[in-house]
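Structure record follows, encoded as structure tokens.
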Amino acid sequence: MDFVYQSERFADLQLLRYKLNGFEKLSLRQKIFIYYLAQATLFGRDITFDQNGKYNLLIRKTLETVYTDADIAHDTEEFRNLEVYLKRVWFSNGIYHHYGCEKFEPGFSEHYLLDALKRVEPNRLPIDGKNISSVEALFDKIRPAIFDNTFMPKRVNKADGEDLVMTSACNFYDGVTQQEAEDFYLRMKDADAECKEPPSYGLNSTLVKENGEIKEHVWCADGLYGPAIRKIIFWLDKAKEYAENDSQKNLIETLISYYKTGDLALFNKYSIEWVSEHDATIDFINGFIEVYGDPLGLKASWEGLVEYIDEEATHRTQTISNNAQWFEDHSPVDARFRKPEVKGVTANAICAAMLGGEEYPSTAIGINLPNADWIRAQYGSKSITISNITDAYNKAAHGNGFKEEFVIDDTTLKLIEKYGDVCDDLHTDLHECLGHGSGQLLPETDPDALKAYGSTIEEARADLFGLYYIADEKLVELGLTPDMEAYKSQYYTYMMNGLMTQLIRIKPGCQIEEAHMRNRALIAHWCYENGDVLHLVKRNGKTYLEISDYEQLRRLIASLLAEIQRIKSEGDYEAARNLVERFAVKVDAELHAEILERYQRLDLAPYKGFINPQLLPVFDNNGEIIDIQVYYGEEYAHQMLRYSQEYGTMI
């Protein structure tokens with residue numbers, strides 16, 4: 001039977017499956033290693049839910065109980081609406097949209113939910129007899145979060161001029177203002193001003209005000225999120241015995257020590273050990289990593305990924321990383337901001353074996369770590385392109401009519417059909433392998449100087465690096481692009497997305513909030529306004545992008561890359577703010593309405609995510625694992641309910 005990539009669809013979401021290509025060729029030891037790492041990945045789920053909002057776990061448990069109760073009728077409209085709402089909560093790890101950050105609107109009434117809760121056996125509900133003493137108390141606790149649109153309405157608020165901490169529902173701060181949070185960590189940095197290996201201040205803690213005093217609650221085995229972290233440690237401890245070499249075993253031990261203590265100096269040590277390990281087929285990400293979910297860009301969401309090398313696709317990424325110094329030396333940025341010596345840049349195309357936390361169900365297609373600039377400068381970085389995820393996206397998009405609707409003419413469409421997949425993968429590789437790892441801060445620059453605009457500027461920097469070099473003859477010379485026409489497919493689809501088609505992900509009347517979307521809008525609108533090469537033209541009442549001069553567009557990209565790198569290197573907050581607020585935030589309402597109407601006629605889901613495969617150990621009569629089998633047939637709701645039961649640690 002052929003592998004089926006697409007699964008169910010609801011709301012604005014399409015569920016896909018990804019295939020573990022070549023898993024059967026791995027040794028038994030490697031399969032067991034992956035299995036144990038996968039268990040450690042899945043036990044971080046509750047952390048992500050709680051980080052995304054303080055009521056998320058309570059709401060998830062409550063709605064799951066109603067959803068699975070045999071005495072509640074399943075054939076009513078309100079139940080079906082509750083089912084969709086719950087599936088969205090599962091997908092977004094909480095009650096806020098995973099991309100737009102706005103709160104979901106329930107299609108069921110307050111009365112319906114309260115009545116349903118009264119029908120459920122109270123001992124199945126999250127009623128603890130103390131903070132929540134009754135069904136009515138439970139309902140009162142979660143009612144504003146679900147039904148009141150004015151109560152904690154956004155997970156991450158980035159609106160200029162507002163207190164971003166007080167107006168964001170993400171659960172990283174409690175009782176503190178934005179100014180208090182910034183001052184708290186500025187004092188830490190000032191106190192450690194002479195430290196040559198500074199920690200990522202605030203990365204793994206909740207900042208709270210207690211009795212007028214501001215303090216951190218650290219996320220560690222005996223601290224906040226302890227029940228989940230102890231489970232992660234248990235499975236990492238089992239996994240380390242199957243590590244592929246001593247350095248990999250040692251870095252797992254360091255990660256365990258970090259989880260036990262919460263000591264960010266140990267996280268630095270782990271990051272250095274991790275980025276320095278290059279010989280293993282299997283690798284993983286497990287921990288508090290990316291800071292997109294914090295409006296101040298300080299605190300990290302928990303994420304997990306287990307991976308193994310895709311040998312065939314890795315040839316492309318290694319060719320790029322082997323030439324990293326050439327790309328750095330020929331970058332159009334000021335020489336002061338280039339690295340004189342690029343160290344430790346490694347890149348692999350990998351197959352994802354398990355997704356978790358912030359990487360599940362919606363996941364990145366490429367990752368570059370670690371994030372600390374000083375570690376990148378001294379020890380290098382690792383980049384991955386997730387080949388089986390990209391493949392699943394491509395298979396699901398084939399023949400869906402999207403390109404035919406929005407691309408201006410047959411000539412451009414044929415260009416994209418010929419070169420699009422190759423150039424999409426290549427741009428991702430350049431973005432992750434070289435873009436994030438390129439450039440350097442001036443010695444006196446604070447890595448957090450750009451504050452709320454830092455994530456957008458960094459993503460723009462990496463994208464521009466990829467866009468600039470995808471049009472370079474060097475890529476033809478290296479055999480990465482077939483000719484000097486190929487890059488035009490990427491330029492067209494990228495600019496079309498930034499100017500037009502990514503608007504399908506924005507609700508009418510809203511602005512652009514998410515960092516990656518802001519980055520694409522910034523680049524496309526800046527090029528649109530600063531050169532006569534991008535044109536929005538009308539044909540038969542529809543708006544299309546026309547590119548009149550691809551070579552001039554590349555020169556514009558070079559100019560913007562130089563400025564973005566200057567902003568990053570010098571920590572020029574005002575310049576970052578001006579660029580983002582002018583080019584990356586606002587939406588043309590008329591164009592937006594047109595794009596939404598055209599997209600709606602295609603009957604497609606704008607967001608996609610994944611159902612994980614099941615890794616099933618096979619035991620002999622002595623209880624020893626003799627194989628790990630992969631099962632792809634689990635349905636979405638079954639997986640989510642099973643995860644809540646098997647990997648729930650905090651409610």
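Following the order of the structure tokens, chains are lettered A, B, ..., residues in each are numbered from 1, and ligands are numbered from 1.
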
Sorted by chain and rising residue number, list the residues of stretch 224-331 of chain A at most 12 Å from stretch 204-209 of chain A (counting only C-alpha atoms), each with its closest atom pair and distance in Å to one decimal, as CSV.
```
residue,atom,partner,partner_atom,distance
A:Leu224,CA,A:Ser205,CA,8.1
A:Tyr225,CA,A:Ser205,CA,10.0
A:Tyr258,CA,A:Asn204,CA,10.5
A:Tyr259,CA,A:Asn204,CA,9.9
A:Thr261,CA,A:Asn204,CA,10.9
A:Gly262,CA,A:Asn204,CA,7.2
A:Asp263,CA,A:Asn204,CA,9.0
A:Leu264,CA,A:Asn204,CA,8.0
A:Ala265,CA,A:Asn204,CA,11.8
A:Phe267,CA,A:Asn204,CA,9.9
A:Gly287,CA,A:Asn204,CA,9.2
A:Phe288,CA,A:Asn204,CA,6.4
A:Ile289,CA,A:Asn204,CA,9.0
A:Glu290,CA,A:Asn204,CA,10.8
A:Val291,CA,A:Asn204,CA,10.4
A:Asp294,CA,A:Thr206,CA,11.0
A:Leu298,CA,A:Asn204,CA,9.0
A:Lys299,CA,A:Asn204,CA,6.2
A:Ala300,CA,A:Asn204,CA,6.4
A:Ser301,CA,A:Asn204,CA,8.6
A:Trp302,CA,A:Asn204,CA,9.3
```

At a cut-off of 8 Å, using only C-alpha atoms, what residues contact stretch 311-315 of chain A? Leave out same-chain residues fewer than 2 positions from it and give the result as a list in words. Ile309, Thr317, Gln318, Thr319, Ala347, Asn348, Ala349, Ile350 and Ser387 of chain A

Now that the selection is made, can you save its residues with C-alpha atoms as a compact mmCIF listing (two decimals), in the first residue's frame?
```
# COMPACT_ATOMS: atom_id res chain seq x y z
CA ILE A 309 21.06 11.69 8.69
CA THR A 317 24.23 20.78 2.70
CA GLN A 318 27.81 19.62 3.21
CA THR A 319 28.86 21.22 -0.06
CA ALA A 347 25.12 21.02 7.97
CA ASN A 348 23.10 17.89 7.39
CA ALA A 349 19.88 16.96 5.72
CA ILE A 350 18.08 14.77 8.21
CA SER A 387 14.13 16.34 4.31
```

Could you go through stretch 356-604 of chain A and tell me which residues DSSP, when run on the backbone, assigns to strand (DSSP E), listing them as a list in words?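 Restricting stretch 356-604 of chain A to strand (DSSP E) produces Gly356, Gly357, Gly366, Ile367, Asn368, Leu369, Ser381, Lys382, Ser383, Ile384, Thr385, Ile386, Leu534, His535, Leu536, Val537, Lys538, Arg539, Lys542, Thr543, Tyr544, Leu545, Glu546 and Ile547 of chain A.
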
Taking only C-alpha atoms into account, produce a table as CSV in which each residue of stretch 70-177 of chain A with an atom at most 10 Å from an atom of stretch 436-458 of chain A appears once, together with its shortest atom pair and the distance in Å to one decimal, ordered by chain and rising number.
```
residue,atom,partner,partner_atom,distance
A:Asn157,CA,A:Ala452,CA,9.8
A:Lys158,CA,A:Ala452,CA,7.1
A:Ala159,CA,A:Ala452,CA,9.7
A:Asp160,CA,A:Ala452,CA,9.3
A:Leu164,CA,A:Ala452,CA,8.6
```

6 Å contact set for stretch 52-59 of chain A, only C-alpha atoms, chain neighbours under 6 positions out, as a PyMOL selection string: chain A and resi 94+169-171

Requested write-out: N, CA and C atoms of the selected residues, as an mmCIF file, in the first residue's frame:
```
data_model
loop_
_atom_site.group_PDB
_atom_site.id
_atom_site.type_symbol
_atom_site.label_atom_id
_atom_site.label_comp_id
_atom_site.auth_asym_id
_atom_site.auth_seq_id
_atom_site.Cartn_x
_atom_site.Cartn_y
_atom_site.Cartn_z
ATOM 1 N N GLY A 94 -2.280 24.860 23.087
ATOM 2 C CA GLY A 94 -2.961 25.851 23.900
ATOM 3 C C GLY A 94 -4.078 26.541 23.148
ATOM 4 N N ALA A 169 -0.108 36.813 26.867
ATOM 5 C CA ALA A 169 -0.611 35.744 27.726
ATOM 6 C C ALA A 169 0.391 34.618 27.930
ATOM 7 N N CYS A 170 1.510 34.630 27.220
ATOM 8 C CA CYS A 170 2.511 33.578 27.413
ATOM 9 C C CYS A 170 2.929 33.553 28.882
ATOM 10 N N ASN A 171 3.212 32.377 29.383
ATOM 11 C CA ASN A 171 3.352 32.170 30.826
ATOM 12 C C ASN A 171 4.811 32.240 31.277
#
```

In Å, with one decimal, what is the gap from atom CA of A:Glu213 to atom CA of A:Pro198?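 About the pair atom CA of A:Glu213 and atom CA of A:Pro198: they are 24.4 Å apart.
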
Which of these, A:Gly633, A:Gly531, A:Gly466, A:Gly609, has the shortest distance to A:Thr390 once you count only C-alpha atoms?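 Selected residue with least distance to A:Thr390: A:Gly609.
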
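Shortest separation to A:Ala637 among A:Ala562, A:Arg539, A:Ile611, A:Asn149 occurs at residue A:Ile611, atoms counted being only C-alpha atoms.
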
Within 9 Å of stretch 181-183 of chain A, counting only C-alpha atoms, which residues show up once you throw out same-chain ones fewer than 3 positions away? Write them as a count of residues only, please. 11

Excluding A:Ile389 and any residue of its chain fewer than 2 positions from it, enumerate the residues within 9 Å of it, using only C-alpha atoms, and give them as an MDAnalysis selection string. chainID A and resid 17:19 351:352 363:365 385:387 391:394 610

If we count only C-alpha atoms and set the cut-off at 9 Å, which residues sit around A:Leu503, ignoring sequence neighbours fewer than 4 positions away in its own chain? Please answer as a ChimeraX atom specification. /A:497-499,507,512,587,591-592,595-596

Test item: residues at most 10 Å from A:Phe23, only C-alpha atoms, excluding those fewer than 2 positions along its chain, as a PyMOL selection string: chain A and resi 19-21+25-27+30-31+34+308+351+353+628-630

Got a sec to tell me which of stretch 560-649 of chain A DSSP assigns to helix (DSSP H, G or I), as number ranges by chain? A: 560-570, 573-583, 589-602, 636-647

Report, in Å with one decimal, the straight-line distance from atom CA of A:Asn519 to atom CA of A:Tyr607.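 For atom CA of A:Asn519 relative to atom CA of A:Tyr607, the distance reads 18.1 Å.
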
Let me make sure I understand: among A:Ala243, A:Ala372, A:Met640, A:Val345, which one has the smallest atom-to-atom distance to A:Tyr201 if we use only C-alpha atoms? A:Ala372

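Closest approach to A:Ala280 from the set A:Asp410, A:Glu574, A:Glu597, A:Glu244 is made by A:Glu244, with distances taken over only C-alpha atoms.
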
What separates atom CA of A:Phe465 and atom CA of A:Thr411 is a distance of 26.8 Å
